[in-house]
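**Q** If you scroll down you'll find the structure; I have some questions about it.
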Amino acid sequence: MSGRIASVLLPLPLPEAFDYAVPEGWTLAVGDQVAAPLGPRLLRGVVTALRDARGDNRPLKPLAARLDEASLPAGTVAFVEWAARYGCQAPGEALAMALRGAGHAPPRPDRRLALTEARPARMTPARERVIEMFEQAGAGLRPGEAAERAGVSTGVIKALTDEGVLAWRETPPAEPFGDPDPARPGAGLNPSQAAAVEALAAMIAEGGFQAALLDGVTGSGKTEVYLEAVASVLAADPEAQVLVLLPEIALTQAVLARFEERFGAQPGEWHSGVATGRRRQVWDGVAQGRCRIVVGARSALFLPFRTLRLVVVDEEHDGSFKQEEGFVYHARDLAVARAKLEGAAVVLASATPSLESLWNAEQGRYRWLRLNRRHGRAVLPEIGLVDLRDTPPEAGRWLSPPLVAAMAQTLAAGEQSLLFLNRRGYAPLVLCKACGERMTSPDSQSWLVEHRYTGRLVCHLTGWSMPKPEACPHCGAKNSLTSIGPGVERLEEEARRLFPEARIAVFSSDTIPDADSARALVAAMTAGEIDILVATQAAAKGHNFPNLTLVGVVDADLGLRGGDLRAAERTFQLLAQATGRAGRAERSGRALIQTYQPDHAVMQALKLRDRDAFFAAEGEARQAAGLPPYGRLAAVILSSPDGEALERYARALAAEAPNGEGVEVYGPADAPLALVRGRRRKRFLVRADRSVDLQAYLTTWRARAKPPNAVRVDIDVDPYSFL
Ligand code: ADP
């Protein structure tokens with residue numbers, strides 16, 4: 001052995017890194033990938049520290065191999081450790097995020113047949129045709145392709161290959177990203193864009209950690225502004241790398257296209273919809289510094305950047321940046337943390353910034369850049385409230401007469417409408433008219449959502465589903481199951497009934513499951529091949545549809561029901577985004593918001609376009625209650641298949657909660673989702689003043705009452721979901 005000890009973090013939910021002996025003759029550095037023995041297995045791990053073995057006599061297992069793969073840059077290792085500490089989670093789970101691309105096999109090289117110098121010993125007309133065809137083709141061909149072109153059987157191709165007349169040529173697969181050219185001309189900027197770009201360029205030129213909030217109304221051209229910030233970063237340093245985070249896969253396509261147009265090269269694309277081989281190429285390219293721009297979903301934040309100089313978080317207010325399963329994190333908050341660790345700049349962009357970011361801007365921690373007008377001749381849509389108490393839809397329908405009239409006008413004018421309803425499927429609830437039983441999922445007790453396209457009842461929490469039964473499973477009555485309330489599929493049905501001649505499409509994660517179908521639908525909508533688009537939030541954000549002039553919000557009150565602390569803020573943001581899709585180009589737009597609460601602060605703020613007053617009122621309420629951003633929150637979620645063990649442990653944990661100045665612990669209470677996948681759930685909520693070290697508090701508390709094996713404890717620092 002070399003007398004050196006390596007701490008190696010394994011991508012597993014373990015509390016810390018393990019020590020291993022470094023074999024003689026190895027040169028090893030922090031960030032290197034190694035194969036480390038754990039029990040009978042060999043696992044991929046990453047070196048997080050190295051030290052001499054002096055005075056340390058414990059016999060340690062030696063490392064098995066140094067993997068011949070890109071190392072994690074020191075900044076990435078530091079970020080992984082920081083993210084785990086911040087979230088009170090296992091560092092190995094953060095590492096698993098960072099190694100996600102490294103474990104995939106790279107795509108196979110492209111193999112094609114090409115002509116060699118050799119000629120067949122025996123010539124036949126078929127063989128002659130093949131040789132002639134290859135001479136003319138001038139490029140390699142796959143066997144089937146060659147046979148078809150020459151009009152011969154694949155047997156002829158195989159025989160020629162066996163004889164050495166044809167031989168395999170391998171070309172490495174093309175990289176799914178190119179080298180961006182920041183010197184290409186950008187769009188001519190309008191004066192407020194130019195001012196924002198100048199401010200960002202000055203900020204970036206200062207170097208080191210810097211943060212800005214790019215706060216511009218929908219359609220003001222925030223993308224153009226951050227494209228120029230990216231250009232200045234790339235131009236200033238030939239090594240510089242840039243990360244652009246987006247909340248939805250459906251949005252990445254449009255942004256990728258704009259980057260490609262601006263820089264003449266494809267950025268690296270990173271999200272779960274990208275094929276694993278390509279993800280491996282992007283991962284390697286980022287680790288080796290060849291991939292300079294990444295556009296991706298939240299998990300791109302964990303990529304092994306070597307020289308990260310700028311992070312852009314677009315639609316920074318969006319709740320999709322929070323990951324709640326597995327490693328729990330908020331990509332916007334961690335983007336700021338990563339920029340700080342890397343000494344990079346971060347730009348948060350939104351038309352409806354989060355209260356947290358507005359507060360940081362107000363406090364002067366973020367530079368606040370505002371764009372108050374739409375670009376060019378486009379103007380913001382006119383917003384009307386439809387009071388459903390005065391003008392309700394007909395029984396069993398969901399579109400009110402004013403909205404139907406507006407849709408008819410829009411259709412007659414040859415323009416497009418978007419009906420926004422944030423509910424997938426056909427109906428959110430199915431119940432039996434005979435016995436009143438609600439259809440629920442057996443292991444989660446949540447309502448089953450009816451999906452008509454597939455004829456199934458689906459639990460949106462766990463994905464569990466069953467065919468819609470003919471008779472009530474509870475009382476056996478036939479034809480007694482009724483669908484209650486609308487989902488997008490039901491709205492589509494209503495729109496078809498009202499406008500049989502219109503071209504209607506649905507945009508939800510069920511109908512548009514991947515990036516390719518999203519691209520196709522966005523293209524069809526942009527080309528005017530759709531008259532009415534019925535959409536969940538998947539289509540309500542970010543897109544530019546020039547001929548879309550009417551947005552109908554079908555149920556504006558939906559997000560306010562059973563509200564948590566951000567219900568009003570979230571509803572405002574979502575509806576401002578959705579209504580902001582209207583009138584983005586030459587033709588002016590309007591939005592109609594159907595609500596039973598037209599006097600609610602959210603509806604008034606939307607109608608009067610008075611975001612600042614709304615947020616000021618929200619902020620005051622939060623401040624009075626000591627809630628984020630004025631205070632801090634953490635959720636502690638206990639779950640177990642064993643209800644009694646759960647109760648007992650919850651009581652024990654409650655008794656051990658440390659007394660702390662400026663900290664309150666609420667609970668344990670049954671979680672609103674009290675049963676998920678057969679596990680009972682209980683929650684604590686911790687509220688703390690901003691001066692409190694919340695992580696230290698949680699770590700101390702957790703250490704005082706070890707959970708039994710049957711009970712799982714999950715900590716969610718800065719929770720966004722309270723279910
Ligand atoms: P935002 O992200 O602020 O909603 P976008 O950046 O998507 O806005 O811009 C809205 C529309 O205006 C897009 O179609 C964009 O191409 C166009 N646009 C914005 N700024 C310019 C500009 N300076 N020159 C030309 N077109 C622009």
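Residue numbers start at 1 in each chain; chains themselves are named A, B, ... in the order of the structure tokens; ligands are numbered from 1 in the order shown.
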Once DSSP has gone over the backbone, tell me which residues of stretch 246-380 of chain A are in alpha helix (DSSP H), as an MDAnalysis selection string.

**A** chainID A and resid 249:263 276:287 331:342 355:362

**Q** What do you get as a PyMOL selection string if you pick all residues at most 9 Å from ligand 1, counting only C-alpha atoms and all ligand atoms?

**A** chain A and resi 186-191+193-194+215-226+255+258+314-315+349-351+371+374-376+378+541-546+580-581+584-585

**Q** Considering only C-alpha atoms, can you say which of A:His451, A:Trp359, A:Ile383, A:Leu461 comes closest to A:Ala616?

**A**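 Under the stated criterion, the closest residue is A:Trp359.
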
**Q** Using atom CA of A:Leu694 and atom CA of A:Glu16 as the two end points, give the distance in Å to one decimal.

**A** 20.0 Å

**Q** Under the rule that only C-alpha atoms are counted, which of A:Ala669, A:Leu50, A:Leu419, A:Leu243 is the nearest residue to A:Val554?

**A**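 Using only C-alpha atoms, A:Val554 sits closest to A:Leu419.
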
**Q** Residues within 10 Å of A:Ser446, please, as number ranges by chain. Count only C-alpha atoms; anything in the same chain fewer than 4 positions from it doesn't count.

**A** A: 429, 438-442, 458-462, 673-676

**Q** Could you name the residues that touch A:Arg85 at 10 Å or less, counting only C-alpha atoms, but leaving out those on the same chain fewer than 5 positions away, as a PDB file with N, CA, C and O atoms, in the first residue's frame?

**A**
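Dumped to part_1.pdb:
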```
ATOM      1  N   PHE A  79     -19.753  21.292  -4.459  1.00  0.00           N
ATOM      2  CA  PHE A  79     -21.183  21.576  -4.599  1.00  0.00           C
ATOM      3  C   PHE A  79     -22.028  20.407  -4.091  1.00  0.00           C
ATOM      4  O   PHE A  79     -23.025  20.595  -3.389  1.00  0.00           O
ATOM      5  N   VAL A  80     -21.623  19.192  -4.457  1.00  0.00           N
ATOM      6  CA  VAL A  80     -22.345  17.993  -4.021  1.00  0.00           C
ATOM      7  C   VAL A  80     -22.398  17.958  -2.490  1.00  0.00           C
ATOM      8  O   VAL A  80     -23.456  17.727  -1.882  1.00  0.00           O
ATOM      9  N   ALA A  90     -28.304  12.624   2.605  1.00  0.00           N
ATOM     10  CA  ALA A  90     -27.094  11.835   2.430  1.00  0.00           C
ATOM     11  C   ALA A  90     -26.265  12.399   1.271  1.00  0.00           C
ATOM     12  O   ALA A  90     -26.800  12.592   0.176  1.00  0.00           O
ATOM     13  N   PRO A  91     -24.967  12.663   1.507  1.00  0.00           N
ATOM     14  CA  PRO A  91     -24.145  13.220   0.431  1.00  0.00           C
ATOM     15  C   PRO A  91     -24.080  12.285  -0.783  1.00  0.00           C
ATOM     16  O   PRO A  91     -23.967  12.737  -1.920  1.00  0.00           O
ATOM     17  N   ALA A  94     -26.669  13.110  -3.336  1.00  0.00           N
ATOM     18  CA  ALA A  94     -26.314  14.257  -4.185  1.00  0.00           C
ATOM     19  C   ALA A  94     -25.286  13.808  -5.218  1.00  0.00           C
ATOM     20  O   ALA A  94     -25.346  14.207  -6.386  1.00  0.00           O
ATOM     21  N   GLN A 695     -30.300  23.802   9.754  1.00  0.00           N
ATOM     22  CA  GLN A 695     -29.708  22.493   9.473  1.00  0.00           C
ATOM     23  C   GLN A 695     -29.122  21.875  10.743  1.00  0.00           C
ATOM     24  O   GLN A 695     -29.292  20.681  11.007  1.00  0.00           O
ATOM     25  N   ALA A 696     -28.441  22.697  11.548  1.00  0.00           N
ATOM     26  CA  ALA A 696     -27.848  22.189  12.791  1.00  0.00           C
ATOM     27  C   ALA A 696     -28.961  21.716  13.721  1.00  0.00           C
ATOM     28  O   ALA A 696     -28.858  20.661  14.355  1.00  0.00           O
ATOM     29  N   THR A 699     -30.321  18.372  12.414  1.00  0.00           N
ATOM     30  CA  THR A 699     -29.360  17.278  12.578  1.00  0.00           C
ATOM     31  C   THR A 699     -29.319  16.835  14.045  1.00  0.00           C
ATOM     32  O   THR A 699     -29.319  15.631  14.336  1.00  0.00           O
TER      33      THR A 699
END
```

**Q** Give one line per residue of stretch 28-87 of chain A that approaches stretch 1-13 of chain A to at most 8 Å, naming the two atoms of the closest pair and their distance in Å to one decimal, counting only C-alpha atoms; sort by chain then ascending residue number and deliver it as a Markdown table.

**A**
```
| residue | atom | partner | partner_atom | distance |
| --- | --- | --- | --- | --- |
| A:Ala36 | CA | A:Val8 | CA | 7.9 |
| A:Leu43 | CA | A:Leu10 | CA | 7.2 |
| A:Arg44 | CA | A:Leu10 | CA | 6.7 |
| A:Gly45 | CA | A:Leu10 | CA | 4.5 |
| A:Val46 | CA | A:Leu9 | CA | 5.3 |
| A:Val47 | CA | A:Val8 | CA | 4.4 |
| A:Thr48 | CA | A:Ser7 | CA | 5.6 |
| A:Ala49 | CA | A:Ser7 | CA | 5.1 |
| A:Leu50 | CA | A:Ala6 | CA | 4.6 |
| A:Arg51 | CA | A:Ile5 | CA | 5.3 |
| A:Asp52 | CA | A:Arg4 | CA | 4.5 |
| A:Ala53 | CA | A:Arg4 | CA | 5.3 |
| A:Arg54 | CA | A:Gly3 | CA | 7.6 |
| A:Pro62 | CA | A:Met1 | CA | 7.9 |
```

**Q** Give me the residues within 10 Å of A:Glu135 as an MDAnalysis selection string, counting only C-alpha atoms and dropping any in the same chain fewer than 5 places off.

**A** chainID A and resid 114:115 129:130

**Q** Hey, what does DSSP flag as strand (DSSP E) within stretch 322-476 of chain A? Can you give it to me as a ChimeraX atom specification?

**A** /A:322-323,329-330,345-350,367-371,382-387,416-420,429-432,449-451,456-458,465-467

**Q** Using only C-alpha atoms, which residues sit within 12 Å of A:Ala524 once same-chain residues fewer than 4 positions away are excluded, as an NGL selection string?

**A** :A and (416 or 503-505 or 507 or 517-520 or 528-533 or 545 or 547)

**Q** A:Leu418: which residues within 8 Å, counting only C-alpha atoms, same-chain residues fewer than 2 positions away excluded, as a PyMOL selection string?

**A** chain A and resi 416+420+532-535+548+550-552

**Q** Please produce a file of the residues just selected, as a JSON list (two decimals), in the first residue's frame, where the atoms kept are N, CA and C atoms.

**A**
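In the end it all went to again14.json:
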```
[["chain", "number", "residue", "atom", "x", "y", "z"],
["A", 416, "GLN", "N", -56.28, 32.01, -33.00],
["A", 416, "GLN", "CA", -56.25, 30.82, -32.15],
["A", 416, "GLN", "C", -56.65, 31.13, -30.70],
["A", 420, "PHE", "N", -57.08, 27.04, -20.81],
["A", 420, "PHE", "CA", -56.14, 26.57, -19.82],
["A", 420, "PHE", "C", -56.88, 25.95, -18.63],
["A", 532, "ILE", "N", -57.99, 25.58, -31.62],
["A", 532, "ILE", "CA", -58.21, 25.64, -30.18],
["A", 532, "ILE", "C", -57.27, 24.65, -29.51],
["A", 533, "LEU", "N", -56.45, 25.15, -28.61],
["A", 533, "LEU", "CA", -55.54, 24.27, -27.88],
["A", 533, "LEU", "C", -56.03, 24.19, -26.44],
["A", 534, "VAL", "N", -56.30, 22.97, -26.00],
["A", 534, "VAL", "CA", -56.73, 22.77, -24.61],
["A", 534, "VAL", "C", -55.50, 22.29, -23.87],
["A", 535, "ALA", "N", -55.10, 23.02, -22.82],
["A", 535, "ALA", "CA", -53.78, 22.72, -22.26],
["A", 535, "ALA", "C", -53.72, 22.82, -20.75],
["A", 548, "LEU", "N", -52.06, 33.40, -31.55],
["A", 548, "LEU", "CA", -52.90, 33.09, -30.39],
["A", 548, "LEU", "C", -53.36, 34.40, -29.76],
["A", 550, "LEU", "N", -56.57, 34.60, -27.87],
["A", 550, "LEU", "CA", -57.50, 34.45, -26.74],
["A", 550, "LEU", "C", -57.02, 33.35, -25.81],
["A", 551, "VAL", "N", -56.92, 33.69, -24.52],
["A", 551, "VAL", "CA", -56.66, 32.66, -23.51],
["A", 551, "VAL", "C", -57.86, 32.61, -22.59],
["A", 552, "GLY", "N", -58.43, 31.43, -22.41],
["A", 552, "GLY", "CA", -59.53, 31.25, -21.46],
["A", 552, "GLY", "C", -59.02, 30.43, -20.28]]
```

**Q** I'd like to know which of A:Val347, A:Gly264, A:Lys706, A:Pro513 is closest to A:Ala229, using only C-alpha atoms.

**A**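 Of all the options, A:Val347 lies closest to A:Ala229.
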
**Q** What does the distance from atom CA of A:Met133 to atom CA of A:Ile157 come to in Å, to one decimal?

**A** 11.8 Å
